[in-house]
Every structure is written in C-alpha cells, then in structure tokens.
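> Right, I'll just put the structure down here and ask away after.
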Amino acid sequence: MQIDKLRGEQLDQLFDAILSLKNREECYKFFDDIATMSEVHALAQRLQVAKMLTEGDTYNAIEHDTNASTATISRVRRCINYGSDGYKIALDRLLDDHES
C-alpha cells in the first residue's frame, strides 16, 4: 500500500501537530507559518476538486470553478478511485459536521 511509503517520525510529528490544533484560527496560524500561501491554496483546491468530483461535476465545471488544471483534476480522481480513501473520509466527515 502506498500509504506505508509516507510513514515516518517526521510525518508523525507533523500530523500530531495538526491534530493538536483546536480550531480554525489555530489552523490558519499554523499553516501560515508552515507553508506558503500557494501550497495551502493548492491543498484547498485539491479538496474542492475532490468534493466536486464526488458530487458528479464535470471536468469543465471543476476547471472553471476551481482553476485547477485537468492534470490536477485527473490526479485527484485517481486518488478517489484507487487511493487510500482519505478524501472520502474527510469529505464524509465534513458533510456529517455540516448536517449536524
């Protein structure tokens, strides 16, 4: 499984740091310090692409709404179809939180 290639002490520390954040404001502060704005926007864009793909939107609509390249859209689709279900877990939980 590809996820095993990710595992390591430094990534464990990063993920533990993210999991320790208590609210959106703390996330803004942390990601402002740890990543460039373009890196953070790229991550947010991929999540939006995943959301739109799972909702059945077309590549054209996704490209128009997110400014993502077709290569990015294809990569995200591949992750949704053949990945570790990370997008599904996150999007399902966001939907559950929104409905609560």
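Note on naming: chains are A, B, ... as they come in the structure tokens, residues start from 1 per chain, ligands start from 1 in the order shown.
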Write out as a ChimeraX atom specification each polymer residue whose atoms come within 9 Å of Val49 of chain A, counting only C-alpha atoms; drop sequence neighbours fewer than 2 positions from it.

/A:44-47,51-54,62-63,66,68,72-73,76-77

> Store the residues of this selection in a file with N, CA and C atoms, as a PDB file, in the first residue's frame.


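Result written to result_37.pdb:
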ATOM      1  N   ALA A  44      -6.124  23.200  -0.574  1.00  0.00           N
ATOM      2  CA  ALA A  44      -7.549  23.547  -0.513  1.00  0.00           C
ATOM      3  C   ALA A  44      -8.214  23.297  -1.867  1.00  0.00           C
ATOM      4  N   GLN A  45      -7.508  23.627  -2.936  1.00  0.00           N
ATOM      5  CA  GLN A  45      -8.037  23.417  -4.285  1.00  0.00           C
ATOM      6  C   GLN A  45      -8.278  21.930  -4.536  1.00  0.00           C
ATOM      7  N   ARG A  46      -7.325  21.078  -4.149  1.00  0.00           N
ATOM      8  CA  ARG A  46      -7.482  19.634  -4.355  1.00  0.00           C
ATOM      9  C   ARG A  46      -8.679  19.095  -3.587  1.00  0.00           C
ATOM     10  N   LEU A  47      -8.879  19.587  -2.374  1.00  0.00           N
ATOM     11  CA  LEU A  47     -10.042  19.137  -1.601  1.00  0.00           C
ATOM     12  C   LEU A  47     -11.339  19.567  -2.285  1.00  0.00           C
ATOM     13  N   LYS A  51     -14.295  17.186  -3.758  1.00  0.00           N
ATOM     14  CA  LYS A  51     -15.704  17.383  -3.400  1.00  0.00           C
ATOM     15  C   LYS A  51     -16.561  17.453  -4.658  1.00  0.00           C
ATOM     16  N   MET A  52     -16.125  18.228  -5.627  1.00  0.00           N
ATOM     17  CA  MET A  52     -16.909  18.392  -6.848  1.00  0.00           C
ATOM     18  C   MET A  52     -16.961  17.101  -7.662  1.00  0.00           C
ATOM     19  N   LEU A  53     -15.846  16.357  -7.689  1.00  0.00           N
ATOM     20  CA  LEU A  53     -15.854  15.075  -8.399  1.00  0.00           C
ATOM     21  C   LEU A  53     -16.830  14.103  -7.761  1.00  0.00           C
ATOM     22  N   THR A  54     -16.829  14.049  -6.437  1.00  0.00           N
ATOM     23  CA  THR A  54     -17.735  13.115  -5.759  1.00  0.00           C
ATOM     24  C   THR A  54     -19.191  13.543  -5.901  1.00  0.00           C
ATOM     25  N   ILE A  62     -15.448  21.864 -12.982  1.00  0.00           N
ATOM     26  CA  ILE A  62     -14.441  21.897 -11.921  1.00  0.00           C
ATOM     27  C   ILE A  62     -13.305  22.835 -12.297  1.00  0.00           C
ATOM     28  N   GLU A  63     -12.850  22.728 -13.540  1.00  0.00           N
ATOM     29  CA  GLU A  63     -11.779  23.608 -14.028  1.00  0.00           C
ATOM     30  C   GLU A  63     -12.209  25.068 -13.934  1.00  0.00           C
ATOM     31  N   THR A  66     -12.681  26.062  -9.954  1.00  0.00           N
ATOM     32  CA  THR A  66     -11.522  25.961  -9.059  1.00  0.00           C
ATOM     33  C   THR A  66     -10.217  26.464  -9.674  1.00  0.00           C
ATOM     34  N   ALA A  68      -8.368  24.673 -11.324  1.00  0.00           N
ATOM     35  CA  ALA A  68      -7.456  23.537 -11.310  1.00  0.00           C
ATOM     36  C   ALA A  68      -7.203  23.077 -12.740  1.00  0.00           C
ATOM     37  N   THR A  72      -4.412  18.121 -12.540  1.00  0.00           N
ATOM     38  CA  THR A  72      -4.734  18.067 -11.107  1.00  0.00           C
ATOM     39  C   THR A  72      -6.054  17.342 -10.892  1.00  0.00           C
ATOM     40  N   ILE A  73      -7.045  17.658 -11.711  1.00  0.00           N
ATOM     41  CA  ILE A  73      -8.346  17.007 -11.586  1.00  0.00           C
ATOM     42  C   ILE A  73      -8.191  15.502 -11.798  1.00  0.00           C
ATOM     43  N   VAL A  76      -6.524  13.886  -8.739  1.00  0.00           N
ATOM     44  CA  VAL A  76      -7.468  13.772  -7.624  1.00  0.00           C
ATOM     45  C   VAL A  76      -8.463  12.647  -7.898  1.00  0.00           C
ATOM     46  N   ARG A  77      -8.951  12.544  -9.118  1.00  0.00           N
ATOM     47  CA  ARG A  77      -9.877  11.462  -9.468  1.00  0.00           C
ATOM     48  C   ARG A  77      -9.221  10.103  -9.250  1.00  0.00           C
TER      49      ARG A  77
END

> Fewer than 6 positions away in the same chain doesn't count, so skip those; otherwise give me all residues within 12 Å of segment 6-9 of chain A, counting only C-alpha atoms, as a list in words.

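Within the cut-off, the hits are Phe15, Asp16 and Ser84 of chain A.
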
> Using DSSP on the backbone coordinates, identify the residues of chain A assigned to alpha helix (DSSP H); present them as a ChimeraX atom specification.

/A:3-6,9-20,24-34,37-54,59-66,70-82,86-99

> Go ahead and save the picked residues with C-alpha atoms, as a PDB file, in the first residue's frame.


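To be explicit, this is the file written out as result-v3.pdb:
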ATOM      1  CA  ILE A   3       0.448   4.965   2.406  1.00  0.00           C
ATOM      2  CA  ASP A   4       3.242   2.949   4.037  1.00  0.00           C
ATOM      3  CA  LYS A   5       5.766   4.963   1.997  1.00  0.00           C
ATOM      4  CA  LEU A   6       4.565   8.094   3.823  1.00  0.00           C
ATOM      5  CA  GLU A   9       8.801  10.031  12.520  1.00  0.00           C
ATOM      6  CA  GLN A  10       8.777  13.483  10.906  1.00  0.00           C
ATOM      7  CA  LEU A  11       5.367  12.971   9.309  1.00  0.00           C
ATOM      8  CA  ASP A  12       4.015  11.512  12.534  1.00  0.00           C
ATOM      9  CA  GLN A  13       5.133  14.702  14.276  1.00  0.00           C
ATOM     10  CA  LEU A  14       3.519  16.872  11.581  1.00  0.00           C
ATOM     11  CA  PHE A  15       0.222  15.001  11.737  1.00  0.00           C
ATOM     12  CA  ASP A  16       0.235  15.039  15.543  1.00  0.00           C
ATOM     13  CA  ALA A  17       0.786  18.806  15.413  1.00  0.00           C
ATOM     14  CA  ILE A  18      -2.157  19.226  13.026  1.00  0.00           C
ATOM     15  CA  LEU A  19      -4.360  17.002  15.177  1.00  0.00           C
ATOM     16  CA  SER A  20      -3.448  19.101  18.236  1.00  0.00           C
ATOM     17  CA  ARG A  24      -9.899  27.077  12.536  1.00  0.00           C
ATOM     18  CA  GLU A  25      -7.999  30.148  13.788  1.00  0.00           C
ATOM     19  CA  GLU A  26      -5.194  27.938  15.131  1.00  0.00           C
ATOM     20  CA  CYS A  27      -5.125  26.167  11.753  1.00  0.00           C
ATOM     21  CA  TYR A  28      -4.780  29.491   9.947  1.00  0.00           C
ATOM     22  CA  LYS A  29      -1.863  30.456  12.186  1.00  0.00           C
ATOM     23  CA  PHE A  30      -0.124  27.085  11.888  1.00  0.00           C
ATOM     24  CA  PHE A  31      -0.477  26.785   8.110  1.00  0.00           C
ATOM     25  CA  ASP A  32       0.554  30.424   7.649  1.00  0.00           C
ATOM     26  CA  ASP A  33       3.827  29.575   9.390  1.00  0.00           C
ATOM     27  CA  ILE A  34       4.473  26.096   7.984  1.00  0.00           C
ATOM     28  CA  MET A  37       0.106  30.546   0.655  1.00  0.00           C
ATOM     29  CA  SER A  38       0.344  28.821  -2.743  1.00  0.00           C
ATOM     30  CA  GLU A  39       0.959  25.454  -1.030  1.00  0.00           C
ATOM     31  CA  VAL A  40      -2.030  25.935   1.257  1.00  0.00           C
ATOM     32  CA  HIS A  41      -4.208  27.071  -1.648  1.00  0.00           C
ATOM     33  CA  ALA A  42      -3.120  24.025  -3.691  1.00  0.00           C
ATOM     34  CA  LEU A  43      -4.238  21.710  -0.873  1.00  0.00           C
ATOM     35  CA  ALA A  44      -7.549  23.547  -0.513  1.00  0.00           C
ATOM     36  CA  GLN A  45      -8.037  23.417  -4.285  1.00  0.00           C
ATOM     37  CA  ARG A  46      -7.482  19.634  -4.355  1.00  0.00           C
ATOM     38  CA  LEU A  47     -10.042  19.137  -1.601  1.00  0.00           C
ATOM     39  CA  GLN A  48     -12.563  21.262  -3.522  1.00  0.00           C
ATOM     40  CA  VAL A  49     -11.833  19.279  -6.695  1.00  0.00           C
ATOM     41  CA  ALA A  50     -12.434  16.035  -4.774  1.00  0.00           C
ATOM     42  CA  LYS A  51     -15.704  17.383  -3.400  1.00  0.00           C
ATOM     43  CA  MET A  52     -16.909  18.392  -6.848  1.00  0.00           C
ATOM     44  CA  LEU A  53     -15.854  15.075  -8.399  1.00  0.00           C
ATOM     45  CA  THR A  54     -17.735  13.115  -5.759  1.00  0.00           C
ATOM     46  CA  TYR A  59     -14.088  18.404 -15.559  1.00  0.00           C
ATOM     47  CA  ASN A  60     -15.133  21.617 -17.332  1.00  0.00           C
ATOM     48  CA  ALA A  61     -17.193  22.803 -14.373  1.00  0.00           C
ATOM     49  CA  ILE A  62     -14.441  21.897 -11.921  1.00  0.00           C
ATOM     50  CA  GLU A  63     -11.779  23.608 -14.028  1.00  0.00           C
ATOM     51  CA  HIS A  64     -13.974  26.712 -14.275  1.00  0.00           C
ATOM     52  CA  ASP A  65     -14.909  26.876 -10.577  1.00  0.00           C
ATOM     53  CA  THR A  66     -11.522  25.961  -9.059  1.00  0.00           C
ATOM     54  CA  THR A  70      -7.058  18.945 -15.927  1.00  0.00           C
ATOM     55  CA  ALA A  71      -3.896  17.168 -14.712  1.00  0.00           C
ATOM     56  CA  THR A  72      -4.734  18.067 -11.107  1.00  0.00           C
ATOM     57  CA  ILE A  73      -8.346  17.007 -11.586  1.00  0.00           C
ATOM     58  CA  SER A  74      -7.190  13.683 -13.057  1.00  0.00           C
ATOM     59  CA  ARG A  75      -4.752  13.100 -10.178  1.00  0.00           C
ATOM     60  CA  VAL A  76      -7.468  13.772  -7.624  1.00  0.00           C
ATOM     61  CA  ARG A  77      -9.877  11.462  -9.468  1.00  0.00           C
ATOM     62  CA  ARG A  78      -7.230   8.726  -9.453  1.00  0.00           C
ATOM     63  CA  CYS A  79      -6.834   9.160  -5.684  1.00  0.00           C
ATOM     64  CA  ILE A  80     -10.593   8.981  -5.199  1.00  0.00           C
ATOM     65  CA  ASN A  81     -10.871   5.840  -7.318  1.00  0.00           C
ATOM     66  CA  TYR A  82      -7.686   3.988  -6.327  1.00  0.00           C
ATOM     67  CA  GLY A  86      -8.504   9.838   2.546  1.00  0.00           C
ATOM     68  CA  TYR A  87     -10.651  12.223   0.532  1.00  0.00           C
ATOM     69  CA  LYS A  88     -13.751  10.110   1.238  1.00  0.00           C
ATOM     70  CA  ILE A  89     -13.100  10.079   4.985  1.00  0.00           C
ATOM     71  CA  ALA A  90     -12.567  13.839   5.142  1.00  0.00           C
ATOM     72  CA  LEU A  91     -15.470  14.752   2.855  1.00  0.00           C
ATOM     73  CA  ASP A  92     -17.860  12.396   4.645  1.00  0.00           C
ATOM     74  CA  ARG A  93     -16.930  13.944   7.988  1.00  0.00           C
ATOM     75  CA  LEU A  94     -17.292  17.480   6.634  1.00  0.00           C
ATOM     76  CA  LEU A  95     -20.754  16.553   5.357  1.00  0.00           C
ATOM     77  CA  ASP A  96     -21.675  14.965   8.704  1.00  0.00           C
ATOM     78  CA  ASP A  97     -20.499  18.073  10.571  1.00  0.00           C
ATOM     79  CA  HIS A  98     -22.406  20.335   8.200  1.00  0.00           C
ATOM     80  CA  GLU A  99     -25.622  18.347   8.661  1.00  0.00           C
TER      81      GLU A  99
END
